[in-house]
Amino acid sequence: MADATPDIAIPPLHQITAKIAQACKIARRDPGEVDLIAVSKTRSADEIRPLLNAGHRSFGENRVQEAAGKWPELRAAYPDITLHLIGQLQTNKADEAVALFDCIHSLDRPSLVDALAKAMQKAGRSLPCFIQVNIGEEEQKGGCAIADLPALLEQARIAGVPVVGLMCIPPADIEPAPFFALLAELAARNGLAQLSMGMSDDFETAILLGATNVRVGTALFGARNG
Ligand SMILES: *Cc1c(COP(=O)(O)O)cnc(C)c1O
């Protein structure tokens with residue numbers, strides 16, 4: 001949490017921050033444990049700047065190319081931002097991702113562990129990573145299979161890729177709580193402290209179940225066109 005600039009200048013940010021505080025109170029958690037990632041995919045620099053001016057510092061993008069087009073300039077003006085990659089990463093973009101982002105939420109397969117290990121070594125820069133788990137075991141969904149998680153963690157440990165937690169996108173249109181609870185259980189079982197889970201429609205539920213990073217787009221910026 002960056003500074004004392006009143007987020008009240010941006011009503012949606014103020015409302016979400018209040019809802020996070022309320023959920024933390026119910027869960028008897030410290031609100032300082034929950035990072036609100038403002039998901040700024042499809043939003044222009046002009047749409048992002050008011051949040052930066054209000055003191056918000058944590059942002060998420062799902063595409064390397066799109067982030068490369070707007071964040072270097074914004075970062076020059078606000079060097080203390082934290083930029084999270086929340087979308088799928090191709091191995092051939094690992095170098096660029098390591099240069100642009102501060103944290104990666106979509107580590108999901110052995111080839112990407114190798115590519116990120118090499119990219120981080122080359123750049124002399126170590127990014128905390130979340131392993132994305134295909135928590136609903138859905139055919140089309142990205143993320144590592146639950147059964148493959150221990151092996152992927154071990155591979156990352158050996159390769160020197162720092163894994164700090166687990167991330168998931170639960171199946172659409174059904175109650176997400178059991179999936180959040182399962183992700184929390186998997187993290188605990190593997191000694192991982194952080195949980196990247198919860199979006200605009202379900203971040204409060206996610207916080208009740210232990211989320212440390214919630215990824216909120218539409219509730220903050222309004223509906224996306226694309
Ligand atoms: C777009 C996106 C979000 C934000 O979704 P909203 O419903 O707009 O809050 C969160 N996580 C990931 C991985 C996304 O791609």
# chains A, B, ... in the order shown; residues from 1 in each chain; ligands from 1
>>> residues_around(residues="Ala97 of chain A", least_positions_apart="4", cutoff="9 Å", atoms="only C-alpha atoms", output="list in words")
Val64, Ala68, Leu85, Leu89, Lys93, Phe101, Asp102, Ile104, Leu116 and Ala119 of chain A
>>> write_last_selection(atoms="all heavy atoms", output="mmCIF file, in the first residue's frame")
data_model
loop_
_atom_site.group_PDB
_atom_site.id
_atom_site.type_symbol
_atom_site.label_atom_id
_atom_site.label_comp_id
_atom_site.auth_asym_id
_atom_site.auth_seq_id
_atom_site.Cartn_x
_atom_site.Cartn_y
_atom_site.Cartn_z
ATOM 1 N N VAL A 64 2.200 -9.692 -22.765
ATOM 2 C CA VAL A 64 3.523 -9.065 -22.747
ATOM 3 C C VAL A 64 3.567 -7.894 -23.723
ATOM 4 O O VAL A 64 4.024 -6.799 -23.379
ATOM 5 C CB VAL A 64 4.616 -10.104 -23.095
ATOM 6 C CG1 VAL A 64 5.979 -9.433 -23.229
ATOM 7 C CG2 VAL A 64 4.661 -11.195 -22.040
ATOM 8 N N ALA A 68 4.229 -3.983 -22.882
ATOM 9 C CA ALA A 68 5.428 -3.324 -23.408
ATOM 10 C C ALA A 68 5.067 -1.997 -24.073
ATOM 11 O O ALA A 68 5.876 -1.078 -24.130
ATOM 12 C CB ALA A 68 6.144 -4.235 -24.402
ATOM 13 N N LEU A 85 2.382 -10.066 -14.226
ATOM 14 C CA LEU A 85 1.910 -10.759 -15.432
ATOM 15 C C LEU A 85 0.921 -11.827 -14.989
ATOM 16 O O LEU A 85 1.288 -12.777 -14.275
ATOM 17 C CB LEU A 85 3.068 -11.389 -16.206
ATOM 18 C CG LEU A 85 2.624 -12.198 -17.433
ATOM 19 C CD1 LEU A 85 1.926 -11.311 -18.472
ATOM 20 C CD2 LEU A 85 3.793 -12.912 -18.087
ATOM 21 N N LEU A 89 2.074 -17.129 -20.632
ATOM 22 C CA LEU A 89 3.366 -16.663 -21.137
ATOM 23 C C LEU A 89 3.967 -17.718 -22.061
ATOM 24 O O LEU A 89 4.099 -18.883 -21.696
ATOM 25 C CB LEU A 89 4.307 -16.390 -19.952
ATOM 26 C CG LEU A 89 5.725 -15.944 -20.278
ATOM 27 C CD1 LEU A 89 5.748 -14.664 -21.114
ATOM 28 C CD2 LEU A 89 6.526 -15.746 -18.993
ATOM 29 N N LYS A 93 8.849 -15.491 -25.055
ATOM 30 C CA LYS A 93 8.704 -14.122 -24.526
ATOM 31 C C LYS A 93 9.216 -14.009 -23.087
ATOM 32 O O LYS A 93 8.986 -13.004 -22.416
ATOM 33 C CB LYS A 93 7.247 -13.697 -24.591
ATOM 34 C CG LYS A 93 6.718 -13.624 -26.022
ATOM 35 C CD LYS A 93 5.648 -12.565 -26.173
ATOM 36 C CE LYS A 93 5.289 -12.370 -27.651
ATOM 37 N NZ LYS A 93 3.895 -12.731 -27.916
ATOM 38 N N PHE A 101 8.185 -7.098 -16.179
ATOM 39 C CA PHE A 101 7.310 -7.364 -15.022
ATOM 40 C C PHE A 101 8.112 -7.531 -13.738
ATOM 41 O O PHE A 101 9.338 -7.681 -13.770
ATOM 42 C CB PHE A 101 6.477 -8.621 -15.285
ATOM 43 C CG PHE A 101 5.417 -8.417 -16.338
ATOM 44 C CD1 PHE A 101 5.684 -8.690 -17.684
ATOM 45 C CD2 PHE A 101 4.164 -7.937 -15.991
ATOM 46 C CE1 PHE A 101 4.718 -8.488 -18.651
ATOM 47 C CE2 PHE A 101 3.189 -7.732 -16.962
ATOM 48 C CZ PHE A 101 3.459 -8.007 -18.296
ATOM 49 N N ASP A 102 7.390 -7.513 -12.600
ATOM 50 C CA ASP A 102 8.008 -7.707 -11.291
ATOM 51 C C ASP A 102 7.589 -9.022 -10.649
ATOM 52 O O ASP A 102 8.170 -9.441 -9.646
ATOM 53 C CB ASP A 102 7.607 -6.554 -10.358
ATOM 54 C CG ASP A 102 7.975 -5.212 -10.965
ATOM 55 O OD1 ASP A 102 9.177 -4.941 -11.120
ATOM 56 O OD2 ASP A 102 7.050 -4.456 -11.328
ATOM 57 N N ILE A 104 5.304 -12.920 -11.661
ATOM 58 C CA ILE A 104 4.638 -13.712 -12.693
ATOM 59 C C ILE A 104 3.652 -14.683 -12.037
ATOM 60 O O ILE A 104 4.023 -15.430 -11.130
ATOM 61 C CB ILE A 104 5.692 -14.433 -13.554
ATOM 62 C CG1 ILE A 104 6.422 -13.352 -14.358
ATOM 63 C CG2 ILE A 104 5.057 -15.507 -14.457
ATOM 64 C CD1 ILE A 104 7.489 -13.793 -15.279
ATOM 65 N N LEU A 116 12.142 -19.364 -17.901
ATOM 66 C CA LEU A 116 12.227 -18.276 -16.917
ATOM 67 C C LEU A 116 13.524 -18.348 -16.121
ATOM 68 O O LEU A 116 14.127 -17.316 -15.815
ATOM 69 C CB LEU A 116 11.023 -18.307 -15.972
ATOM 70 C CG LEU A 116 9.726 -17.739 -16.555
ATOM 71 C CD1 LEU A 116 8.558 -17.992 -15.615
ATOM 72 C CD2 LEU A 116 9.845 -16.243 -16.855
ATOM 73 N N ALA A 119 16.068 -16.839 -18.404
ATOM 74 C CA ALA A 119 15.838 -15.402 -18.573
ATOM 75 C C ALA A 119 16.232 -14.626 -17.320
ATOM 76 O O ALA A 119 16.843 -13.557 -17.397
ATOM 77 C CB ALA A 119 14.371 -15.141 -18.928
#
>>> residues_near_ligand(ligand="ligand 1", cutoff="9 Å", atoms="only C-alpha atoms and all ligand atoms", output="ChimeraX atom specification")
/A:37-41,60-62,85-88,105-106,167-169,196-203,214-224
>>> residues_around(residues="segment 28-30 of chain A", least_positions_apart="4", cutoff="12 Å", atoms="only C-alpha atoms", output="MDAnalysis selection string")
chainID A and resid 20:24 34:35 207:212
>>> write_last_selection(atoms="N, CA and C atoms", output="JSON list (two decimals), in the first residue's frame")
[["chain", "number", "residue", "atom", "x", "y", "z"],
["A", 20, "ILE", "N", -12.47, -4.89, 0.75],
["A", 20, "ILE", "CA", -11.33, -5.71, 1.17],
["A", 20, "ILE", "C", -11.15, -5.62, 2.68],
["A", 21, "ALA", "N", -11.23, -4.38, 3.20],
["A", 21, "ALA", "CA", -11.07, -4.18, 4.65],
["A", 21, "ALA", "C", -12.16, -4.93, 5.41],
["A", 22, "GLN", "N", -13.39, -4.87, 4.89],
["A", 22, "GLN", "CA", -14.51, -5.55, 5.55],
["A", 22, "GLN", "C", -14.32, -7.07, 5.55],
["A", 23, "ALA", "N", -13.91, -7.61, 4.39],
["A", 23, "ALA", "CA", -13.68, -9.06, 4.30],
["A", 23, "ALA", "C", -12.56, -9.48, 5.25],
["A", 24, "CYS", "N", -11.52, -8.65, 5.34],
["A", 24, "CYS", "CA", -10.40, -8.96, 6.24],
["A", 24, "CYS", "C", -10.87, -8.95, 7.69],
["A", 34, "VAL", "N", -3.31, -8.23, 2.08],
["A", 34, "VAL", "CA", -4.00, -8.44, 0.80],
["A", 34, "VAL", "C", -3.62, -7.34, -0.19],
["A", 35, "ASP", "N", -3.01, -7.76, -1.28],
["A", 35, "ASP", "CA", -2.60, -6.82, -2.32],
["A", 35, "ASP", "C", -3.69, -6.76, -3.39],
["A", 207, "ILE", "N", -10.85, -13.63, -0.30],
["A", 207, "ILE", "CA", -10.14, -13.13, 0.89],
["A", 207, "ILE", "C", -10.53, -13.93, 2.13],
["A", 208, "LEU", "N", -11.82, -14.28, 2.24],
["A", 208, "LEU", "CA", -12.26, -15.10, 3.38],
["A", 208, "LEU", "C", -11.52, -16.44, 3.39],
["A", 209, "LEU", "N", -11.12, -16.90, 2.21],
["A", 209, "LEU", "CA", -10.46, -18.20, 2.10],
["A", 209, "LEU", "C", -8.94, -18.07, 1.97],
["A", 210, "GLY", "N", -8.41, -16.87, 2.21],
["A", 210, "GLY", "CA", -6.96, -16.75, 2.34],
["A", 210, "GLY", "C", -6.22, -16.03, 1.23],
["A", 211, "ALA", "N", -6.93, -15.44, 0.26],
["A", 211, "ALA", "CA", -6.23, -14.75, -0.84],
["A", 211, "ALA", "C", -5.28, -13.68, -0.30],
["A", 212, "THR", "N", -4.09, -13.62, -0.87],
["A", 212, "THR", "CA", -3.15, -12.55, -0.55],
["A", 212, "THR", "C", -3.02, -11.56, -1.70]]
>>> closest_residue(among="A:Leu192, A:Ala177, A:Leu127, A:Asn134", to="Val164 of chain A", atoms="only C-alpha atoms")
A:Leu192
>>> select_by_dssp(residues="segment 80-177 of chain A", states="helix (DSSP H, G or I)", output="ChimeraX atom specification")
/A:91-100,110-123,146-159,177
>>> closest_residue(among="A:Ile26, A:Tyr78, A:Gly69, A:Asp173", to="Ser44 of chain A", atoms="only C-alpha atoms")
A:Gly69
